[in-house]
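Trainee: Got a structure for you, questions after.
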Amino acid sequence: MILDFVGALFYIGVVYLAGQWTVTWLYKNRDEESADWLSFAVGFAEMTVMSTFLYFTCRMPVWGIRTVWLLLGAVSAFLLVKQKRFSGSGIAVLGCVTGLWLVMLLPGLIGGDQYYVYRGNCTDQQTYVEETVAMSMHPIGWYESRTEAQIGEVSDVLWRGYRWMLKDRPSAGLMIALLRWNSRGEIYWVVYLFRMFVQAMILPSLFFLLQVTVQKRAGKQWLRNVLGIVAAALYCVGFWGQIQYDIDAVSQMSSIAVLVALTAVFFQYMQGMADGETCSRRQYALLVLLASAGLALYLESALVHGALYLLCGLFLFVRERKMPGWKQGIQTVCIPVLSLLITVVSNYRITVFLKSQIYSSVDDGRQAWADYFNKWWLGRYGLDDGRITGPVSRLTNWILSVSGMYNMTVNYDRYYGAVALILTGLAVLLACLVLFCLVRPVFEKMERSVWMLWIAVLTGIAIVIGMCLCEKYWSAGKLLYYVSPYLYVFFCMPVLQLENFRKVTAKLAILLTALMLFSNAGMVLARAYDMKVNWACSGYRGNYPSDMIPGLKHWAKFTFDTEEIKEADGVVIRDLGMVSDHQFYLQYLKVKLTCADIPFIPENDVNYYGNKVEVSEKRSLEGNILTLEAVADENGRYEIRQTADQ
């Protein structure tokens, strides 16, 4: 674990150095102070595009790509020192991200595998893990030169990982593979290190968007900066960050920092266009770089962002009563065209995934998933069904939950009668405050940048509502996650507009900001409390999507360590059928044994979809063969133990 942690520090350092140097070249001449907050998003985007190209097009192994990373980081550090480009704000960005990352690692350090093997979406998490293992162990050419049987005889984990990298969006998995410095390290710990890093990396992008949206003002700028950083951090560790982590949305989380940074730069680009300015080649290159990485990391969200940008641009020119020049129009259209071209050149296989997603994202069969993934829309404590406040609580809970205040709903199991009516009334007032702040720009003059953000938020909400009316609830829930950073920033903006505090409307907006921040801080405390009382680390109960397989984490201990059997030449895994949903428990073992390069033969080999894996019967084990089986403790909880040798 220590070696993996040290490797992660190097990883973060290289991303920062590469991004810092690239920002000074492509952007920093525009705004010396705020540009440093782009460093992580730009560095991560640069590394993503380059790594994807080297692995899938140049067919380079991960260790070779990692060597390129280290060389690039060293060159970037040399140039930054030589050109004296390091600044106090740049060091502050590095400190904020690293500090938040260390804090966010605490639950995993406390809970171990039990906490982070999977959270609320075990199938997706297992897909990313297998994909990561496959790419980290062999270049793509190794798989292409072998048959399914030949790969499966080594490990069926590698075969499925290879298939996922062909028909999925594999860039996020590749970026995790590059973090796996220790070839025999604990893969689930490595995945956790990466996921907490990309979650912490959202902070500077959100703060940069806040700075771009709310122009600099006179007064205590340091106070605004502190409040803005705190607000951005609470997105990462509060409700939106937690729920996207807890549904194991790895690609989605990996893309947020990049896409939020792209949105901020695009807002600047559109405002310059409205003023008749021409876009410099460097700013244009920055837009294309961020857009390319967004497409590679999470194609669906990037395409939705493209639609939001189109509408924001059109409404901006309607507001300004201007028309863009034909050269500006062509230049703007070429941004998505060039970005998609770069993505395809980096990994042409993603076009297969694009085609499948277009046909399946709104497929009726997938909408049933909303019964699990969108249940949080009903609020933390559910509805007051069967009583007078029932219909009111449903609408109120929806408004509060989808605005990010899931835990501010009324607990009707605890409160009833007159108290329940009073609390419901307060919840209704809070919901009305949310709606008021959403329509506030209609009757109050807003800055152009704020207005563009508002259009993006309203457009996203309108699409979500439209999907719900068409009964595409799961698709609506996914899109809500995509626009959540902008909804959150829109509600938190008043914290940087304190000079308007005397206006009644501004006071109401600041009140909502305070409640929003309080709600997110409450989620952090709730997670800390949950870690104390919930040994299984399955997450919040109630309506929160945190236990996709009810009972598995409560009746199975995810504590197996391959170091205990590192001298083994092979392993036989006894039938785990007595464990609830044993295929996931078996998959957990198979992934760990594959990473430790220990051959295995399960007595009842099934994948995590319950299908029989026949190729394992063709393996032969020789030498020091050990046997693993699930043994129940005094509380009936199963754990993997070594038994008598074969």
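Within each chain, counting starts at residue 1; across the structure tokens, chains are named A, B, ... in the order shown, with ligands numbered 1 upward in that order.
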Would you mind listing what lies within 12 Å of Asp561 in chain A as a list in words, with only C-alpha atoms counted and same-chain residues fewer than 3 positions away left out?

Mentor: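 Residues near the query, excluding close chain neighbours: Met1, Gly112, Asp113, Arg184, Gly185, Glu186, Ile187, Tyr188, Trp189, Lys557, Phe558, Glu564, Ile565, Lys566, Tyr588, Leu589, Val591, Lys592, Leu593, Cys595, Ala596, Leu628, Glu639, Ile640, Arg641 and Gln642 of chain A.
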
Trainee: May I have the selected residues written with C-alpha atoms, as a compact mmCIF listing (two decimals), in the first residue's frame?

Mentor:
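Saved result, result-v4.txt, follows:
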```txt
# COMPACT_ATOMS: atom_id res chain seq x y z
CA MET A 1 0.00 0.00 0.00
CA GLY A 112 -10.09 -1.02 3.64
CA ASP A 113 -11.37 -3.36 0.93
CA ARG A 184 1.79 -7.02 -7.31
CA GLY A 185 0.02 -4.26 -5.42
CA GLU A 186 -3.61 -4.29 -4.30
CA ILE A 187 -5.58 -3.25 -7.38
CA TYR A 188 -8.68 -2.12 -5.48
CA TRP A 189 -6.52 0.21 -3.38
CA LYS A 557 -15.75 -9.91 4.61
CA PHE A 558 -13.68 -8.33 1.87
CA GLU A 564 -0.64 -14.37 2.70
CA ILE A 565 -0.24 -16.83 -0.19
CA LYS A 566 2.52 -15.17 -2.23
CA TYR A 588 -13.09 -10.27 -6.06
CA LEU A 589 -10.76 -13.22 -5.45
CA VAL A 591 -9.06 -10.21 -9.73
CA LYS A 592 -6.66 -10.26 -6.79
CA LEU A 593 -5.11 -13.58 -7.81
CA CYS A 595 -2.87 -9.24 -10.23
CA ALA A 596 -0.63 -11.37 -8.00
CA LEU A 628 -9.10 -21.20 -0.39
CA GLU A 639 -14.28 -14.65 4.99
CA ILE A 640 -11.71 -16.28 2.73
CA ARG A 641 -9.27 -18.55 4.54
CA GLN A 642 -6.51 -20.90 3.51
```

Trainee: Dump as a tab-separated table the rows for residues of range 30-143 of chain A within 7 Å of range 532-552 of chain A: closest atom pair and distance in Å with one decimal, only C-alpha atoms counted, ordered by chain and rising residue number.

Mentor:
```
residue	atom	partner	partner_atom	distance
A:Gly111	CA	A:Cys537	CA	6.7
A:Gln114	CA	A:Cys537	CA	6.1
A:Tyr115	CA	A:Cys537	CA	5.0
A:Arg119	CA	A:Ser546	CA	5.9
A:Gly120	CA	A:Ser546	CA	4.0
A:Asn121	CA	A:Met548	CA	6.0
```

Trainee: Export, as a tab-separated table (two decimals), in the first residue's frame, the selected residues with C-alpha atoms.

Mentor:
```tsv
chain	number	residue	atom	x	y	z
A	111	GLY	CA	-12.58	0.61	6.00
A	114	GLN	CA	-14.69	-3.56	2.73
A	115	TYR	CA	-15.22	0.11	1.90
A	119	ARG	CA	-19.97	0.89	-3.40
A	120	GLY	CA	-23.43	1.03	-4.97
A	121	ASN	CA	-22.80	-0.37	-8.45
```

Trainee: I want to know what sits within 9 Å of range 519-530 of chain A, based on only C-alpha atoms, with residues of the same chain fewer than 2 positions away left out; could you give that as a compact mmCIF listing (two decimals) with all heavy atoms, in the first residue's frame?

Mentor:
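Wrote it out as part_38.txt, contents follow:
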```txt
# COMPACT_ATOMS: atom_id res chain seq x y z
N PRO A 107 -11.68 7.52 4.71
CA PRO A 107 -12.65 6.40 4.81
C PRO A 107 -12.09 5.09 4.30
O PRO A 107 -12.33 4.03 4.90
CB PRO A 107 -13.83 6.89 3.95
CG PRO A 107 -13.72 8.37 3.97
CD PRO A 107 -12.25 8.67 3.98
N LEU A 234 -16.69 21.43 -1.01
CA LEU A 234 -17.89 20.76 -0.53
C LEU A 234 -18.66 20.08 -1.65
O LEU A 234 -19.45 19.16 -1.39
CB LEU A 234 -18.79 21.75 0.21
CG LEU A 234 -18.34 22.09 1.63
CD1 LEU A 234 -19.21 23.17 2.24
CD2 LEU A 234 -18.34 20.84 2.51
N TYR A 235 -18.46 20.49 -2.89
CA TYR A 235 -19.02 19.71 -4.00
C TYR A 235 -18.34 18.35 -4.06
O TYR A 235 -18.98 17.32 -4.25
CB TYR A 235 -18.86 20.44 -5.33
CG TYR A 235 -19.37 19.63 -6.52
CD1 TYR A 235 -20.67 19.80 -6.97
CD2 TYR A 235 -18.57 18.69 -7.16
CE1 TYR A 235 -21.17 19.04 -8.03
CE2 TYR A 235 -19.05 17.93 -8.21
CZ TYR A 235 -20.34 18.12 -8.65
OH TYR A 235 -20.82 17.36 -9.70
N VAL A 237 -16.70 16.60 -1.69
CA VAL A 237 -16.92 15.69 -0.56
C VAL A 237 -18.36 15.66 -0.09
O VAL A 237 -18.72 14.84 0.75
CB VAL A 237 -16.00 16.08 0.63
CG1 VAL A 237 -14.55 15.97 0.25
CG2 VAL A 237 -16.31 17.50 1.13
N GLY A 238 -19.19 16.59 -0.60
CA GLY A 238 -20.59 16.66 -0.20
C GLY A 238 -21.47 15.74 -1.01
O GLY A 238 -21.03 14.71 -1.52
N PHE A 239 -22.73 16.13 -1.17
CA PHE A 239 -23.71 15.24 -1.77
C PHE A 239 -23.33 14.81 -3.19
O PHE A 239 -23.29 13.60 -3.50
CB PHE A 239 -25.10 15.88 -1.80
CG PHE A 239 -26.10 15.06 -2.57
CD1 PHE A 239 -26.60 13.90 -2.02
CD2 PHE A 239 -26.48 15.43 -3.84
CE1 PHE A 239 -27.50 13.12 -2.73
CE2 PHE A 239 -27.38 14.65 -4.56
CZ PHE A 239 -27.89 13.49 -4.00
N TRP A 240 -23.07 15.76 -4.07
CA TRP A 240 -22.84 15.40 -5.48
C TRP A 240 -21.59 14.54 -5.64
O TRP A 240 -21.60 13.56 -6.40
CB TRP A 240 -22.74 16.65 -6.34
CG TRP A 240 -24.04 17.37 -6.52
CD1 TRP A 240 -24.35 18.63 -6.09
CD2 TRP A 240 -25.21 16.88 -7.19
NE1 TRP A 240 -25.64 18.95 -6.44
CE2 TRP A 240 -26.19 17.90 -7.11
CE3 TRP A 240 -25.52 15.69 -7.82
CZ2 TRP A 240 -27.47 17.75 -7.67
CZ3 TRP A 240 -26.79 15.55 -8.37
CH2 TRP A 240 -27.74 16.56 -8.29
N GLN A 242 -20.21 12.62 -3.34
CA GLN A 242 -20.41 11.33 -2.69
C GLN A 242 -21.29 10.40 -3.50
O GLN A 242 -20.98 9.22 -3.68
CB GLN A 242 -21.02 11.54 -1.30
CG GLN A 242 -20.04 12.05 -0.27
CD GLN A 242 -20.60 12.02 1.14
OE1 GLN A 242 -21.53 11.28 1.44
NE2 GLN A 242 -20.04 12.83 2.01
N GLY A 404 -29.63 19.10 -4.84
CA GLY A 404 -28.43 18.77 -4.07
C GLY A 404 -28.62 18.79 -2.57
O GLY A 404 -27.65 18.65 -1.83
N MET A 405 -29.86 18.95 -2.10
CA MET A 405 -30.12 18.99 -0.65
C MET A 405 -30.94 17.77 -0.24
O MET A 405 -31.96 17.87 0.46
CB MET A 405 -30.81 20.30 -0.27
CG MET A 405 -29.90 21.51 -0.42
SD MET A 405 -30.63 23.06 0.16
CE MET A 405 -31.80 23.36 -1.16
N TYR A 406 -30.47 16.62 -0.65
CA TYR A 406 -31.12 15.34 -0.39
C TYR A 406 -31.36 15.11 1.10
O TYR A 406 -32.39 14.54 1.49
CB TYR A 406 -30.22 14.25 -0.99
CG TYR A 406 -30.32 12.88 -0.39
CD1 TYR A 406 -31.28 11.99 -0.84
CD2 TYR A 406 -29.43 12.46 0.59
CE1 TYR A 406 -31.36 10.70 -0.31
CE2 TYR A 406 -29.51 11.19 1.12
CZ TYR A 406 -30.48 10.32 0.68
OH TYR A 406 -30.55 9.06 1.19
N ASN A 407 -30.44 15.53 1.93
CA ASN A 407 -30.55 15.26 3.37
C ASN A 407 -31.32 16.33 4.13
O ASN A 407 -31.36 16.31 5.36
CB ASN A 407 -29.17 15.07 3.99
CG ASN A 407 -28.31 16.31 3.83
OD1 ASN A 407 -28.44 17.04 2.86
ND2 ASN A 407 -27.41 16.54 4.77
N MET A 408 -31.94 17.28 3.42
CA MET A 408 -32.71 18.34 4.09
C MET A 408 -34.21 18.03 4.08
O MET A 408 -35.03 18.91 4.34
CB MET A 408 -32.45 19.68 3.40
CG MET A 408 -31.01 20.14 3.44
SD MET A 408 -30.50 20.76 5.05
CE MET A 408 -31.13 22.44 4.98
N ALA A 514 -26.04 29.45 1.82
CA ALA A 514 -25.66 29.00 3.15
C ALA A 514 -26.28 27.64 3.47
O ALA A 514 -25.61 26.75 4.01
CB ALA A 514 -26.08 30.04 4.19
N LEU A 515 -27.55 27.47 3.13
CA LEU A 515 -28.22 26.20 3.37
C LEU A 515 -27.63 25.09 2.51
O LEU A 515 -27.50 23.94 2.96
CB LEU A 515 -29.73 26.34 3.10
CG LEU A 515 -30.49 27.25 4.08
CD1 LEU A 515 -31.92 27.47 3.59
CD2 LEU A 515 -30.49 26.63 5.48
N MET A 516 -27.26 25.43 1.27
CA MET A 516 -26.65 24.45 0.38
C MET A 516 -25.31 23.97 0.96
O MET A 516 -25.03 22.76 0.99
CB MET A 516 -26.42 25.08 -0.99
CG MET A 516 -25.82 24.16 -2.04
SD MET A 516 -26.99 22.94 -2.65
CE MET A 516 -28.18 24.00 -3.47
N LEU A 517 -24.50 24.89 1.42
CA LEU A 517 -23.21 24.53 2.00
C LEU A 517 -23.39 23.76 3.30
O LEU A 517 -22.67 22.79 3.58
CB LEU A 517 -22.35 25.78 2.22
CG LEU A 517 -21.99 26.58 0.96
CD1 LEU A 517 -21.16 27.79 1.32
CD2 LEU A 517 -21.25 25.71 -0.04
N LYS A 532 -18.57 4.77 11.53
CA LYS A 532 -18.48 4.30 12.91
C LYS A 532 -19.45 3.18 13.21
O LYS A 532 -19.13 2.24 13.94
CB LYS A 532 -18.74 5.47 13.88
CG LYS A 532 -17.65 6.54 13.90
CD LYS A 532 -18.02 7.61 14.91
CE LYS A 532 -16.95 8.70 14.97
NZ LYS A 532 -17.29 9.75 15.97
N VAL A 533 -20.65 3.28 12.66
CA VAL A 533 -21.72 2.35 13.06
C VAL A 533 -21.95 1.23 12.06
O VAL A 533 -22.65 0.27 12.35
CB VAL A 533 -23.05 3.12 13.27
CG1 VAL A 533 -22.90 4.16 14.35
CG2 VAL A 533 -23.53 3.76 11.96
N ASN A 534 -21.38 1.33 10.86
CA ASN A 534 -21.66 0.36 9.81
C ASN A 534 -20.38 -0.40 9.46
O ASN A 534 -19.60 0.03 8.62
CB ASN A 534 -22.22 1.10 8.58
CG ASN A 534 -22.55 0.18 7.43
OD1 ASN A 534 -22.57 -1.04 7.59
ND2 ASN A 534 -22.80 0.75 6.28
N TRP A 535 -20.16 -1.53 10.09
CA TRP A 535 -18.92 -2.27 9.89
C TRP A 535 -18.78 -2.74 8.43
O TRP A 535 -17.66 -2.87 7.93
CB TRP A 535 -18.86 -3.49 10.81
CG TRP A 535 -19.62 -4.67 10.29
CD1 TRP A 535 -20.90 -4.99 10.55
CD2 TRP A 535 -19.12 -5.67 9.41
NE1 TRP A 535 -21.26 -6.13 9.87
CE2 TRP A 535 -20.18 -6.58 9.16
CE3 TRP A 535 -17.89 -5.90 8.78
CZ2 TRP A 535 -20.04 -7.68 8.33
CZ3 TRP A 535 -17.76 -7.00 7.95
CH2 TRP A 535 -18.82 -7.89 7.74
N CYS A 537 -19.55 -1.17 5.78
CA CYS A 537 -19.18 -0.06 4.88
C CYS A 537 -20.02 -0.07 3.61
O CYS A 537 -19.50 0.18 2.50
CB CYS A 537 -17.71 -0.14 4.52
SG CYS A 537 -16.59 -0.03 5.92
N GLY A 539 -22.52 1.97 3.00
CA GLY A 539 -23.06 3.29 2.69
C GLY A 539 -24.37 3.57 3.40
O GLY A 539 -24.86 2.78 4.20
N TYR A 540 -24.97 4.70 3.06
CA TYR A 540 -26.20 5.12 3.71
C TYR A 540 -27.33 4.13 3.43
O TYR A 540 -27.41 3.54 2.37
CB TYR A 540 -26.62 6.50 3.23
CG TYR A 540 -25.55 7.55 3.33
CD1 TYR A 540 -25.03 8.15 2.18
CD2 TYR A 540 -25.04 7.94 4.55
CE1 TYR A 540 -24.04 9.11 2.26
CE2 TYR A 540 -24.05 8.90 4.64
CZ TYR A 540 -23.56 9.48 3.49
OH TYR A 540 -22.58 10.43 3.57
```

Trainee: What does the distance from CA of Arg319 in chain A to CA of Arg448 in chain A come to in Å, to one decimal?

Mentor: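 Separation of CA of Arg319 in chain A and CA of Arg448 in chain A: 9.1 Å.
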
Trainee: With DSSP run on the backbone, what are the helix (DSSP H, G or I) residues within range 352-515 of chain A? I'd like them as a ChimeraX atom specification.

Mentor: /A:352-360,364-367,370-373,375-378,390-402,406-408,417-443,448-469,473-496,498-500,504-515

Trainee: For Cys468 in chain A, find every residue with an atom within 12 Å (counting only C-alpha atoms), except residues of its own chain fewer than 3 positions away, and show them as an MDAnalysis selection string.

Mentor: chainID A and resid 362 367 370 374 461:465 471:480

Trainee: Keeping only N, CA and C atoms, take the residues you just selected and write them out as a CSV table (one decimal), in the first residue's frame.

Mentor:
```csv
chain,number,residue,atom,x,y,z
A,362,VAL,N,-31.4,5.8,-24.3
A,362,VAL,CA,-32.8,6.1,-23.9
A,362,VAL,C,-33.7,4.8,-24.2
A,367,GLN,N,-34.5,2.1,-18.5
A,367,GLN,CA,-35.1,3.0,-17.6
A,367,GLN,C,-35.5,2.4,-16.3
A,370,ALA,N,-33.7,3.1,-13.0
A,370,ALA,CA,-34.0,4.3,-12.2
A,370,ALA,C,-34.6,3.9,-10.8
A,374,ASN,N,-32.2,6.2,-9.0
A,374,ASN,CA,-32.8,7.5,-8.8
A,374,ASN,C,-33.7,7.5,-7.6
A,461,ILE,N,-31.9,21.5,-16.9
A,461,ILE,CA,-33.2,21.2,-16.1
A,461,ILE,C,-34.3,20.9,-17.1
A,462,ALA,N,-34.4,21.7,-18.1
A,462,ALA,CA,-35.5,21.5,-19.1
A,462,ALA,C,-35.4,20.1,-19.8
A,463,ILE,N,-34.2,19.7,-20.1
A,463,ILE,CA,-34.0,18.4,-20.7
A,463,ILE,C,-34.4,17.3,-19.7
A,464,VAL,N,-33.9,17.4,-18.5
A,464,VAL,CA,-34.3,16.4,-17.4
A,464,VAL,C,-35.8,16.3,-17.3
A,465,ILE,N,-36.5,17.4,-17.2
A,465,ILE,CA,-37.9,17.4,-17.0
A,465,ILE,C,-38.6,16.8,-18.3
A,471,GLU,N,-41.0,9.5,-19.6
A,471,GLU,CA,-40.7,8.4,-18.8
A,471,GLU,C,-39.3,7.7,-19.0
A,472,LYS,N,-38.4,8.6,-19.3
A,472,LYS,CA,-37.0,8.2,-19.4
A,472,LYS,C,-36.2,8.6,-18.2
A,473,TYR,N,-36.6,8.0,-17.0
A,473,TYR,CA,-36.2,8.5,-15.7
A,473,TYR,C,-34.7,8.2,-15.5
A,474,TRP,N,-34.2,7.0,-15.9
A,474,TRP,CA,-32.8,6.7,-15.7
A,474,TRP,C,-31.9,7.7,-16.6
A,475,SER,N,-32.3,7.9,-17.8
A,475,SER,CA,-31.6,8.8,-18.7
A,475,SER,C,-31.6,10.2,-18.1
A,476,ALA,N,-32.7,10.6,-17.5
A,476,ALA,CA,-32.8,11.9,-16.9
A,476,ALA,C,-31.9,12.0,-15.7
A,477,GLY,N,-31.8,10.9,-14.9
A,477,GLY,CA,-30.9,10.9,-13.7
A,477,GLY,C,-29.5,11.1,-14.1
A,478,LYS,N,-29.1,10.4,-15.2
A,478,LYS,CA,-27.7,10.5,-15.7
A,478,LYS,C,-27.4,11.9,-16.1
A,479,LEU,N,-28.3,12.6,-16.8
A,479,LEU,CA,-28.1,13.9,-17.3
A,479,LEU,C,-28.0,14.9,-16.1
A,480,LEU,N,-28.8,14.6,-15.1
A,480,LEU,CA,-28.7,15.5,-13.9
A,480,LEU,C,-27.3,15.5,-13.3
```

Trainee: If we count only C-alpha atoms and set the cut-off at 10 Å, which residues sit around Phe53 in chain A, ignoring sequence neighbours fewer than 2 positions away in its own chain? Please answer as a list of chain:residue names.

Mentor: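 Neighbouring residues, sequence-local ones excluded: A:Met47, A:Thr48, A:Val49, A:Met50, A:Ser51, A:Tyr55, A:Phe56, A:Thr57, A:Cys58, A:Arg59, A:Met60, A:Ile65, A:Ser171, A:Ile342, A:Thr343, A:Val344, A:Val345, A:Ser346, A:Asn347, A:Tyr348.
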
Trainee: Could you write out the selected residues, including N, CA, C and O atoms, as an mmCIF file, in the first residue's frame?

Mentor:
```cif
data_model
loop_
_atom_site.group_PDB
_atom_site.id
_atom_site.type_symbol
_atom_site.label_atom_id
_atom_site.label_comp_id
_atom_site.auth_asym_id
_atom_site.auth_seq_id
_atom_site.Cartn_x
_atom_site.Cartn_y
_atom_site.Cartn_z
ATOM 1 N N MET A 47 -2.520 14.277 -20.518
ATOM 2 C CA MET A 47 -2.063 12.922 -20.268
ATOM 3 C C MET A 47 -3.055 11.881 -20.790
ATOM 4 O O MET A 47 -2.666 10.818 -21.288
ATOM 5 N N THR A 48 -4.341 12.174 -20.687
ATOM 6 C CA THR A 48 -5.363 11.241 -21.157
ATOM 7 C C THR A 48 -5.270 11.036 -22.665
ATOM 8 O O THR A 48 -5.253 9.897 -23.157
ATOM 9 N N VAL A 49 -5.237 12.137 -23.402
ATOM 10 C CA VAL A 49 -5.184 12.046 -24.864
ATOM 11 C C VAL A 49 -3.892 11.363 -25.310
ATOM 12 O O VAL A 49 -3.906 10.467 -26.170
ATOM 13 N N MET A 50 -2.775 11.764 -24.717
ATOM 14 C CA MET A 50 -1.484 11.191 -25.095
ATOM 15 C C MET A 50 -1.427 9.696 -24.766
ATOM 16 O O MET A 50 -1.002 8.875 -25.595
ATOM 17 N N SER A 51 -1.860 9.326 -23.572
ATOM 18 C CA SER A 51 -1.786 7.928 -23.146
ATOM 19 C C SER A 51 -2.695 7.042 -23.988
ATOM 20 O O SER A 51 -2.324 5.919 -24.355
ATOM 21 N N TYR A 55 -1.264 3.930 -26.214
ATOM 22 C CA TYR A 55 -1.652 2.543 -25.933
ATOM 23 C C TYR A 55 -2.424 1.924 -27.097
ATOM 24 O O TYR A 55 -2.119 0.805 -27.532
ATOM 25 N N PHE A 56 -3.422 2.620 -27.622
ATOM 26 C CA PHE A 56 -4.312 2.010 -28.603
ATOM 27 C C PHE A 56 -3.846 2.187 -30.050
ATOM 28 O O PHE A 56 -4.117 1.323 -30.885
ATOM 29 N N THR A 57 -3.182 3.282 -30.345
ATOM 30 C CA THR A 57 -2.737 3.507 -31.720
ATOM 31 C C THR A 57 -1.279 3.103 -31.918
ATOM 32 O O THR A 57 -0.940 2.412 -32.880
ATOM 33 N N CYS A 58 -0.413 3.513 -30.979
ATOM 34 C CA CYS A 58 1.011 3.142 -31.075
ATOM 35 C C CYS A 58 1.287 1.779 -30.449
ATOM 36 O O CYS A 58 2.415 1.281 -30.566
ATOM 37 N N ARG A 59 0.295 1.226 -29.734
ATOM 38 C CA ARG A 59 0.379 -0.122 -29.163
ATOM 39 C C ARG A 59 1.522 -0.250 -28.162
ATOM 40 O O ARG A 59 2.180 -1.284 -28.061
ATOM 41 N N MET A 60 1.731 0.779 -27.409
ATOM 42 C CA MET A 60 2.803 0.810 -26.421
ATOM 43 C C MET A 60 2.318 0.218 -25.097
ATOM 44 O O MET A 60 1.182 0.452 -24.695
ATOM 45 N N ILE A 65 4.475 3.860 -21.507
ATOM 46 C CA ILE A 65 3.747 5.130 -21.398
ATOM 47 C C ILE A 65 4.112 5.831 -20.096
ATOM 48 O O ILE A 65 4.286 7.057 -20.059
ATOM 49 N N SER A 171 -10.461 5.020 -21.628
ATOM 50 C CA SER A 171 -9.413 5.964 -21.233
ATOM 51 C C SER A 171 -9.293 6.107 -19.729
ATOM 52 O O SER A 171 -8.187 6.235 -19.193
ATOM 53 N N ILE A 342 -9.465 13.908 -33.113
ATOM 54 C CA ILE A 342 -8.348 13.532 -32.242
ATOM 55 C C ILE A 342 -8.709 12.308 -31.409
ATOM 56 O O ILE A 342 -7.896 11.383 -31.228
ATOM 57 N N THR A 343 -9.935 12.271 -30.916
ATOM 58 C CA THR A 343 -10.387 11.132 -30.111
ATOM 59 C C THR A 343 -10.379 9.850 -30.924
ATOM 60 O O THR A 343 -9.940 8.791 -30.446
ATOM 61 N N VAL A 344 -10.849 9.934 -32.154
ATOM 62 C CA VAL A 344 -10.890 8.752 -33.017
ATOM 63 C C VAL A 344 -9.483 8.307 -33.396
ATOM 64 O O VAL A 344 -9.180 7.107 -33.423
ATOM 65 N N VAL A 345 -8.593 9.263 -33.684
ATOM 66 C CA VAL A 345 -7.207 8.912 -34.000
ATOM 67 C C VAL A 345 -6.545 8.239 -32.797
ATOM 68 O O VAL A 345 -5.762 7.301 -32.945
ATOM 69 N N SER A 346 -6.874 8.709 -31.604
ATOM 70 C CA SER A 346 -6.299 8.124 -30.388
ATOM 71 C C SER A 346 -6.803 6.705 -30.157
ATOM 72 O O SER A 346 -6.052 5.831 -29.721
ATOM 73 N N ASN A 347 -8.089 6.487 -30.423
ATOM 74 C CA ASN A 347 -8.679 5.161 -30.225
ATOM 75 C C ASN A 347 -9.925 5.058 -31.094
ATOM 76 O O ASN A 347 -11.021 5.425 -30.669
ATOM 77 N N TYR A 348 -9.766 4.564 -32.305
ATOM 78 C CA TYR A 348 -10.879 4.513 -33.253
ATOM 79 C C TYR A 348 -12.006 3.602 -32.759
ATOM 80 O O TYR A 348 -13.159 3.723 -33.211
#
```

Trainee: Need the shell around range 265-281 of chain A: protein/DNA/RNA residues with any atom at most 9 Å away, counting only C-alpha atoms. Skip same-chain ones fewer than 5 positions apart. Format as a list in words?

Mentor: Leu26, Leu209, Val212, Thr213, Val260, Leu286, Leu287, Tyr309, Cys312, Gly313, Leu316, Phe317, Glu320, Lys322, Met323, Pro324, Gly325, Gln328, Gln331, Arg448, Ser449, Met452 and Leu453 of chain A

Trainee: Give me the residues near Glu131 in chain A as a list in words, where near means some atom within 8 Å (using only C-alpha atoms) and where sequence neighbours in that chain fewer than 6 positions away do not count.

Mentor: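 After dropping sequence-adjacent residues, the list is Leu158, Arg160, Gly161, Tyr162, Trp164, Met165, Pro170, Gly173 and Leu174 of chain A.
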